[in-house]
Amino acid sequence: MKGYVFHGAGQSAWEEVPDPAIKEPTDAIVRVRAVTICGTDLHILKGDVPEVPPGTVLGHEAVGEIVETGSDVRTVRPGDQVLVSCISACGRCAHCRRTMYGQCRGGGGWILGHLIDGTQAEYVRVPYADLSVHPLPAAMDSKEAVLLADIFPTSYEVGVLNGHVRPGDTVAVVGAGPIGLAAIATARLFTPELIVAVDLAPSRLEAARKLGADAVADAREAPEQLIADLTDGLGADVVIEAVGVPESFELCTRMVRPGGHVANVGVHGKPATLHLEDLWIKNITITTGLVDTYSTPTLLRMAAAGRLPTAQLVTHTFPLDHMEEAYDVFARAGDTGALKVVLGEEQHDAVAVRAA
C-alpha cells in the first residue's frame with residue numbers, strides 16, 4: 001500500500017509501505033476512506049515531537065471500512081463503516097477505568113501516527129478496536145464524520161467541559177483555527193450569553209462569526225479591553241486557549257474574571273509565564289488536558305442529527321494520493337484560507353441496475 005511517511009525533520013513522502021497485519025487479537029484493519037491533517041502532524045514534520053521515529057506513517061484521524069479483525073474483537077466486523085478515534089484505549093488500566101483514555105497505560109493513548117503507523121495511508125491497523133473505533137450512523141458523510149475523530153471531542157472535552165461553560169456565561173476563544181472553531185460550535189450547546197473569538201486572521205474571524213461567535217477581536221488590538229467593555233469590567237467566565245504559544249496563554253489569563261476558568265487546549269512547545277503575582281488572589285481555575293474521546297459516541301449522534309456544523313469546517317478536499325499537496329495547503333493556511341483539509345475517495349450514490 002501507500003502511506004505518508006515521516007523521515008525526520010523536514011522530510012516526508014507519499015510512498016510504498018508494507019501492508020498492515022493483525023498483530024494482536026484485539027486489532028482491526030481498516031481501509032481508509034477519508035482522512036484529515038492535524039496541526040500536530042505539522043509539529044511532527046518540524047521535528048517538535050522527537051518520540052516519533054523516522055519511518056512512521058503519520059495521521060491519527062480517519063473514517064473507513066473494517067476489512068479484518070482479530071479473534072477478540074466483538075463490537076465490529078468486516079464491512080462495517082467506522083470512525084477511527086485519535087485515541088486508542090485498552091479499557092483495562094487504571095486510567096481507562098476512569099475514562100481517561102488519553103492517559104492509557106496499557107499500550108493505548110495517542111499512539112496512531114505517533115508511536116505506531118497511523119491513518120494517512122490506504123490501510124491502518126487499529127489496536128484495541130472495540131474501544132478505539134466507532135460504527136458510523138448510516139447516513140453520515142465520511143468527509144464530515146472524520147472531524148469527529150479529533151477536533152470536535154478535543155474542543156468539547158478539553159475546552160468546553162473542562163472550562164465548565166454554563167448558560168449565561170461570557171466565553172472567549174483565543175485562536176479561531178479548527179480547534180477554536182469547534183470550541184465555539186460546542187460551547188453554543190450550553191447557551192452562553194456571549195462568545196467572543198480572538199485571532200490574527202480576518203478569514204478565521206469571519207469563519208468564527210458564521211459558526212456562532214457574537215463578537216470577534218484582532219489579537220493585536222487589545223482584545224482584553226473588548227472583553228472588559230462587554231462585561232462591565234468583569235472579564236470572561238471561561239477563556240479557551242486554542243493556539244499553543246506563550247503569548248496566547250498569557251492573554252487568556254488577562255481576560256478571565258475572578259472565579260473564572262482558563263481551559264488550555266493548545267499544544268505548547270515553549271514555556272509560558274504564569275503570573276501568580278496577579279492571579280493568586282482571583283480564584284482562577286486553569287485546566288489542561290489531552291483529549292480522552294469519551295464524548296465521541298454522543299458527538300457522532302449529534303452530528304448525524306445535524307446538531308454540529310461539521311461541513312462548515314471543511315474548506316479543501318483532495319484524493320488520498322494528493323497528500324503532499326494537501327499538507328502544503330494546510331501548512332499555508334494564512335495564504336490558502338484552509339481550515340480542515342480532507343482526503344479520500346470520491347463517494348457515489350448506489351444505483352440499482354435491473355437486469356434486462
# chains A, B, ... in the order shown; residues from 1 in each chain; ligands from 1
>>> residues_around(residues="Pro202 of chain A", least_positions_apart="6", cutoff="10 Å", atoms="only C-alpha atoms", output="mmCIF file with N, CA, C and O atoms, in the first residue's frame")
data_model
loop_
_atom_site.group_PDB
_atom_site.id
_atom_site.type_symbol
_atom_site.label_atom_id
_atom_site.label_comp_id
_atom_site.auth_asym_id
_atom_site.auth_seq_id
_atom_site.Cartn_x
_atom_site.Cartn_y
_atom_site.Cartn_z
ATOM 1 N N ALA A 176 -8.866 31.011 16.372
ATOM 2 C CA ALA A 176 -10.033 30.595 15.582
ATOM 3 C C ALA A 176 -9.619 29.676 14.445
ATOM 4 O O ALA A 176 -10.151 29.756 13.346
ATOM 5 N N ALA A 208 -15.436 32.325 12.382
ATOM 6 C CA ALA A 208 -15.944 32.273 13.754
ATOM 7 C C ALA A 208 -17.335 32.891 13.844
ATOM 8 O O ALA A 208 -18.221 32.369 14.540
ATOM 9 N N VAL A 216 -15.961 39.448 17.540
ATOM 10 C CA VAL A 216 -14.613 38.989 17.188
ATOM 11 C C VAL A 216 -13.639 40.110 17.491
ATOM 12 O O VAL A 216 -14.005 41.296 17.516
ATOM 13 N N ALA A 217 -12.366 39.732 17.697
ATOM 14 C CA ALA A 217 -11.342 40.717 18.028
ATOM 15 C C ALA A 217 -10.025 40.312 17.400
ATOM 16 O O ALA A 217 -9.648 39.130 17.426
ATOM 17 N N ASP A 218 -9.318 41.287 16.841
ATOM 18 C CA ASP A 218 -7.971 41.074 16.343
ATOM 19 C C ASP A 218 -7.044 40.945 17.557
ATOM 20 O O ASP A 218 -7.050 41.809 18.443
ATOM 21 N N GLY A 334 -2.660 30.587 6.302
ATOM 22 C CA GLY A 334 -2.811 32.032 6.229
ATOM 23 C C GLY A 334 -2.980 32.531 4.814
ATOM 24 O O GLY A 334 -3.658 33.536 4.573
ATOM 25 N N GLY A 337 -6.380 29.996 3.240
ATOM 26 C CA GLY A 337 -7.680 30.021 3.913
ATOM 27 C C GLY A 337 -8.129 28.662 4.397
ATOM 28 O O GLY A 337 -9.299 28.479 4.753
#
>>> select_by_dssp(residues="segment 6-250 of chain A", states="helix (DSSP H, G or I)", output="JSON, numbers by chain")
{"A": [39, 40, 41, 42, 43, 44, 45, 96, 97, 98, 101, 102, 103, 129, 130, 131, 132, 142, 143, 144, 145, 146, 147, 148, 151, 152, 153, 154, 155, 156, 157, 158, 159, 160, 161, 178, 179, 180, 181, 182, 183, 184, 185, 186, 187, 188, 189, 190, 202, 203, 204, 205, 206, 207, 208, 209, 210, 223, 224, 225, 226, 227, 228, 229, 230, 246, 247, 248, 249, 250]}
>>> atom_distance(atom1="atom CA of His316 of chain A", atom2="atom CA of Met140 of chain A")
18.6 Å
>>> residues_around(residues="segment 152-154 of chain A", least_positions_apart="4", cutoff="6 Å", atoms="only C-alpha atoms", output="list in words")
Leu148, Val158, Ala182, Val291 and Thr293 of chain A
>>> atom_distance(atom1="atom CA of Asp229 of chain A", atom2="atom CA of Gly259 of chain A")
18.4 Å
>>> residues_around(residues="Leu115 of chain A", least_positions_apart="3", cutoff="8 Å", atoms="only C-alpha atoms", output="list in words")
Glu51, Val52, Pro53, Thr56, Trp110, Ile111 and Leu112 of chain A
>>> write_last_selection(atoms="all heavy atoms", output="mmCIF file, in the first residue's frame")
data_model
loop_
_atom_site.group_PDB
_atom_site.id
_atom_site.type_symbol
_atom_site.label_atom_id
_atom_site.label_comp_id
_atom_site.auth_asym_id
_atom_site.auth_seq_id
_atom_site.Cartn_x
_atom_site.Cartn_y
_atom_site.Cartn_z
ATOM 1 N N GLU A 51 9.735 11.905 19.887
ATOM 2 C CA GLU A 51 9.470 10.479 20.105
ATOM 3 C C GLU A 51 8.903 9.783 18.877
ATOM 4 O O GLU A 51 8.761 8.551 18.867
ATOM 5 C CB GLU A 51 8.533 10.273 21.295
ATOM 6 C CG GLU A 51 7.171 10.916 21.184
ATOM 7 C CD GLU A 51 7.112 12.305 21.792
ATOM 8 O OE1 GLU A 51 8.163 12.995 21.838
ATOM 9 O OE2 GLU A 51 6.017 12.718 22.209
ATOM 10 N N VAL A 52 8.550 10.540 17.824
ATOM 11 C CA VAL A 52 8.068 9.919 16.585
ATOM 12 C C VAL A 52 9.269 9.418 15.789
ATOM 13 O O VAL A 52 10.087 10.221 15.328
ATOM 14 C CB VAL A 52 7.251 10.911 15.740
ATOM 15 C CG1 VAL A 52 6.768 10.237 14.459
ATOM 16 C CG2 VAL A 52 6.067 11.443 16.536
ATOM 17 N N PRO A 53 9.412 8.101 15.600
ATOM 18 C CA PRO A 53 10.606 7.597 14.906
ATOM 19 C C PRO A 53 10.499 7.783 13.396
ATOM 20 O O PRO A 53 9.401 7.662 12.820
ATOM 21 C CB PRO A 53 10.615 6.108 15.273
ATOM 22 C CG PRO A 53 9.199 5.774 15.574
ATOM 23 C CD PRO A 53 8.575 7.020 16.139
ATOM 24 N N THR A 56 7.752 6.359 10.330
ATOM 25 C CA THR A 56 6.377 6.233 10.814
ATOM 26 C C THR A 56 5.391 6.839 9.820
ATOM 27 O O THR A 56 5.593 7.950 9.327
ATOM 28 C CB THR A 56 6.214 6.947 12.169
ATOM 29 O OG1 THR A 56 7.114 6.372 13.118
ATOM 30 C CG2 THR A 56 4.788 6.823 12.698
ATOM 31 N N TRP A 110 -2.512 8.283 22.779
ATOM 32 C CA TRP A 110 -2.223 8.777 21.432
ATOM 33 C C TRP A 110 -1.035 7.991 20.885
ATOM 34 O O TRP A 110 0.111 8.255 21.193
ATOM 35 C CB TRP A 110 -1.913 10.269 21.430
ATOM 36 C CG TRP A 110 -1.446 10.738 20.065
ATOM 37 C CD1 TRP A 110 -1.910 10.317 18.860
ATOM 38 C CD2 TRP A 110 -0.403 11.676 19.789
ATOM 39 N NE1 TRP A 110 -1.219 10.946 17.830
ATOM 40 C CE2 TRP A 110 -0.298 11.781 18.374
ATOM 41 C CE3 TRP A 110 0.446 12.434 20.595
ATOM 42 C CZ2 TRP A 110 0.629 12.624 17.758
ATOM 43 C CZ3 TRP A 110 1.363 13.276 19.977
ATOM 44 C CH2 TRP A 110 1.448 13.362 18.578
ATOM 45 N N ILE A 111 -1.323 6.981 20.107
ATOM 46 C CA ILE A 111 -0.264 6.156 19.529
ATOM 47 C C ILE A 111 -0.276 6.186 18.005
ATOM 48 O O ILE A 111 0.782 6.129 17.371
ATOM 49 C CB ILE A 111 -0.332 4.690 20.031
ATOM 50 C CG1 ILE A 111 -1.721 4.076 19.772
ATOM 51 C CG2 ILE A 111 0.025 4.616 21.501
ATOM 52 C CD1 ILE A 111 -1.787 2.588 20.117
ATOM 53 N N LEU A 112 -1.448 6.287 17.368
ATOM 54 C CA LEU A 112 -1.523 6.299 15.910
ATOM 55 C C LEU A 112 -0.789 7.517 15.348
ATOM 56 O O LEU A 112 -1.023 8.656 15.783
ATOM 57 C CB LEU A 112 -2.980 6.325 15.451
ATOM 58 C CG LEU A 112 -3.794 5.043 15.676
ATOM 59 C CD1 LEU A 112 -5.256 5.304 15.346
ATOM 60 C CD2 LEU A 112 -3.249 3.896 14.840
#
>>> residues_around(residues="Arg31 of chain A", least_positions_apart="4", cutoff="6 Å", atoms="only C-alpha atoms", output="list in words")
Gly64, Glu65 and Tyr123 of chain A
>>> residues_around(residues="Arg33 of chain A", least_positions_apart="2", cutoff="8 Å", atoms="only C-alpha atoms", output="PyMOL selection string")
chain A and resi 31+35+62-65+122+142+344-345
>>> residues_around(residues="segment 272-287 of chain A", least_positions_apart="2", cutoff="7 Å", atoms="only C-alpha atoms", output="PyMOL selection string")
chain A and resi 162+246+250+258-264+270+289
>>> atom_distance(atom1="atom CA of Gly235 of chain A", atom2="atom CA of Leu251 of chain A")
11.9 Å
>>> decode(residues="segment 220-295 of chain A", atoms="C-alpha atoms", output="PDB file, in the first residue's frame")
ATOM      1  CA  ARG A 220      -3.122  42.654  18.034  1.00  0.00           C
ATOM      2  CA  GLU A 221      -5.708  45.191  19.198  1.00  0.00           C
ATOM      3  CA  ALA A 222      -6.060  44.679  22.964  1.00  0.00           C
ATOM      4  CA  PRO A 223      -8.859  42.076  22.970  1.00  0.00           C
ATOM      5  CA  GLU A 224      -8.834  42.064  26.762  1.00  0.00           C
ATOM      6  CA  GLN A 225     -10.202  45.617  26.625  1.00  0.00           C
ATOM      7  CA  LEU A 226     -13.058  44.462  24.391  1.00  0.00           C
ATOM      8  CA  ILE A 227     -13.869  41.715  26.886  1.00  0.00           C
ATOM      9  CA  ALA A 228     -13.814  44.262  29.718  1.00  0.00           C
ATOM     10  CA  ASP A 229     -16.107  46.611  27.784  1.00  0.00           C
ATOM     11  CA  LEU A 230     -18.585  43.811  27.021  1.00  0.00           C
ATOM     12  CA  THR A 231     -18.713  42.561  30.632  1.00  0.00           C
ATOM     13  CA  ASP A 232     -18.753  45.828  32.623  1.00  0.00           C
ATOM     14  CA  GLY A 233     -15.131  45.233  33.543  1.00  0.00           C
ATOM     15  CA  LEU A 234     -15.655  41.750  34.975  1.00  0.00           C
ATOM     16  CA  GLY A 235     -13.900  39.646  32.311  1.00  0.00           C
ATOM     17  CA  ALA A 236     -14.918  36.376  30.689  1.00  0.00           C
ATOM     18  CA  ASP A 237     -16.337  33.498  32.725  1.00  0.00           C
ATOM     19  CA  VAL A 238     -14.467  30.996  30.538  1.00  0.00           C
ATOM     20  CA  VAL A 239     -11.451  31.566  28.302  1.00  0.00           C
ATOM     21  CA  ILE A 240     -10.414  28.743  25.956  1.00  0.00           C
ATOM     22  CA  GLU A 241      -6.807  28.779  24.738  1.00  0.00           C
ATOM     23  CA  ALA A 242      -6.652  27.191  21.280  1.00  0.00           C
ATOM     24  CA  VAL A 243      -3.308  28.363  19.897  1.00  0.00           C
ATOM     25  CA  GLY A 244      -0.440  26.931  21.934  1.00  0.00           C
ATOM     26  CA  VAL A 245       2.042  29.812  22.246  1.00  0.00           C
ATOM     27  CA  PRO A 246       3.095  31.680  25.413  1.00  0.00           C
ATOM     28  CA  GLU A 247       1.528  34.982  24.307  1.00  0.00           C
ATOM     29  CA  SER A 248      -1.917  33.462  23.784  1.00  0.00           C
ATOM     30  CA  PHE A 249      -1.902  31.677  27.148  1.00  0.00           C
ATOM     31  CA  GLU A 250      -0.870  34.826  28.971  1.00  0.00           C
ATOM     32  CA  LEU A 251      -3.581  36.778  27.107  1.00  0.00           C
ATOM     33  CA  CYS A 252      -6.155  34.265  28.362  1.00  0.00           C
ATOM     34  CA  THR A 253      -5.134  34.855  31.978  1.00  0.00           C
ATOM     35  CA  ARG A 254      -5.648  38.591  31.493  1.00  0.00           C
ATOM     36  CA  MET A 255      -9.135  38.120  30.028  1.00  0.00           C
ATOM     37  CA  VAL A 256     -10.646  35.833  32.672  1.00  0.00           C
ATOM     38  CA  ARG A 257     -12.745  37.212  35.513  1.00  0.00           C
ATOM     39  CA  PRO A 258     -12.210  36.378  39.202  1.00  0.00           C
ATOM     40  CA  GLY A 259     -13.644  32.934  39.840  1.00  0.00           C
ATOM     41  CA  GLY A 260     -13.427  32.066  36.150  1.00  0.00           C
ATOM     42  CA  HIS A 261     -11.829  29.250  34.169  1.00  0.00           C
ATOM     43  CA  VAL A 262      -8.956  29.149  31.683  1.00  0.00           C
ATOM     44  CA  ALA A 263      -9.154  25.922  29.665  1.00  0.00           C
ATOM     45  CA  ASN A 264      -5.928  25.294  27.770  1.00  0.00           C
ATOM     46  CA  VAL A 265      -6.386  23.208  24.610  1.00  0.00           C
ATOM     47  CA  GLY A 266      -3.408  24.386  22.545  1.00  0.00           C
ATOM     48  CA  VAL A 267      -0.270  22.254  22.212  1.00  0.00           C
ATOM     49  CA  HIS A 268       2.589  24.232  23.743  1.00  0.00           C
ATOM     50  CA  GLY A 269       6.192  23.751  22.636  1.00  0.00           C
ATOM     51  CA  LYS A 270       7.661  26.518  24.807  1.00  0.00           C
ATOM     52  CA  PRO A 271       7.259  27.596  28.447  1.00  0.00           C
ATOM     53  CA  ALA A 272       4.655  30.220  29.270  1.00  0.00           C
ATOM     54  CA  THR A 273       4.843  32.569  32.231  1.00  0.00           C
ATOM     55  CA  LEU A 274       2.207  32.045  34.899  1.00  0.00           C
ATOM     56  CA  HIS A 275       1.708  35.416  36.572  1.00  0.00           C
ATOM     57  CA  LEU A 276       0.787  34.188  40.022  1.00  0.00           C
ATOM     58  CA  GLU A 277       1.570  37.615  41.428  1.00  0.00           C
ATOM     59  CA  ASP A 278      -1.654  38.729  39.732  1.00  0.00           C
ATOM     60  CA  LEU A 279      -3.663  35.508  39.708  1.00  0.00           C
ATOM     61  CA  TRP A 280      -3.214  34.118  43.220  1.00  0.00           C
ATOM     62  CA  ILE A 281      -5.959  36.324  44.636  1.00  0.00           C
ATOM     63  CA  LYS A 282      -8.519  35.828  41.836  1.00  0.00           C
ATOM     64  CA  ASN A 283      -9.783  32.269  42.429  1.00  0.00           C
ATOM     65  CA  ILE A 284      -8.851  31.287  38.863  1.00  0.00           C
ATOM     66  CA  THR A 285      -9.057  27.657  37.708  1.00  0.00           C
ATOM     67  CA  ILE A 286      -6.623  26.627  34.959  1.00  0.00           C
ATOM     68  CA  THR A 287      -7.085  23.246  33.284  1.00  0.00           C
ATOM     69  CA  THR A 288      -5.029  21.364  30.724  1.00  0.00           C
ATOM     70  CA  GLY A 289      -5.573  18.060  29.011  1.00  0.00           C
ATOM     71  CA  LEU A 290      -5.160  15.577  26.219  1.00  0.00           C
ATOM     72  CA  VAL A 291      -8.477  14.505  24.752  1.00  0.00           C
ATOM     73  CA  ASP A 292      -9.904  11.230  26.086  1.00  0.00           C
ATOM     74  CA  THR A 293     -12.611  10.848  23.379  1.00  0.00           C
ATOM     75  CA  TYR A 294     -15.206   9.571  25.857  1.00  0.00           C
ATOM     76  CA  SER A 295     -17.644  12.015  24.238  1.00  0.00           C
TER      77      SER A 295
END
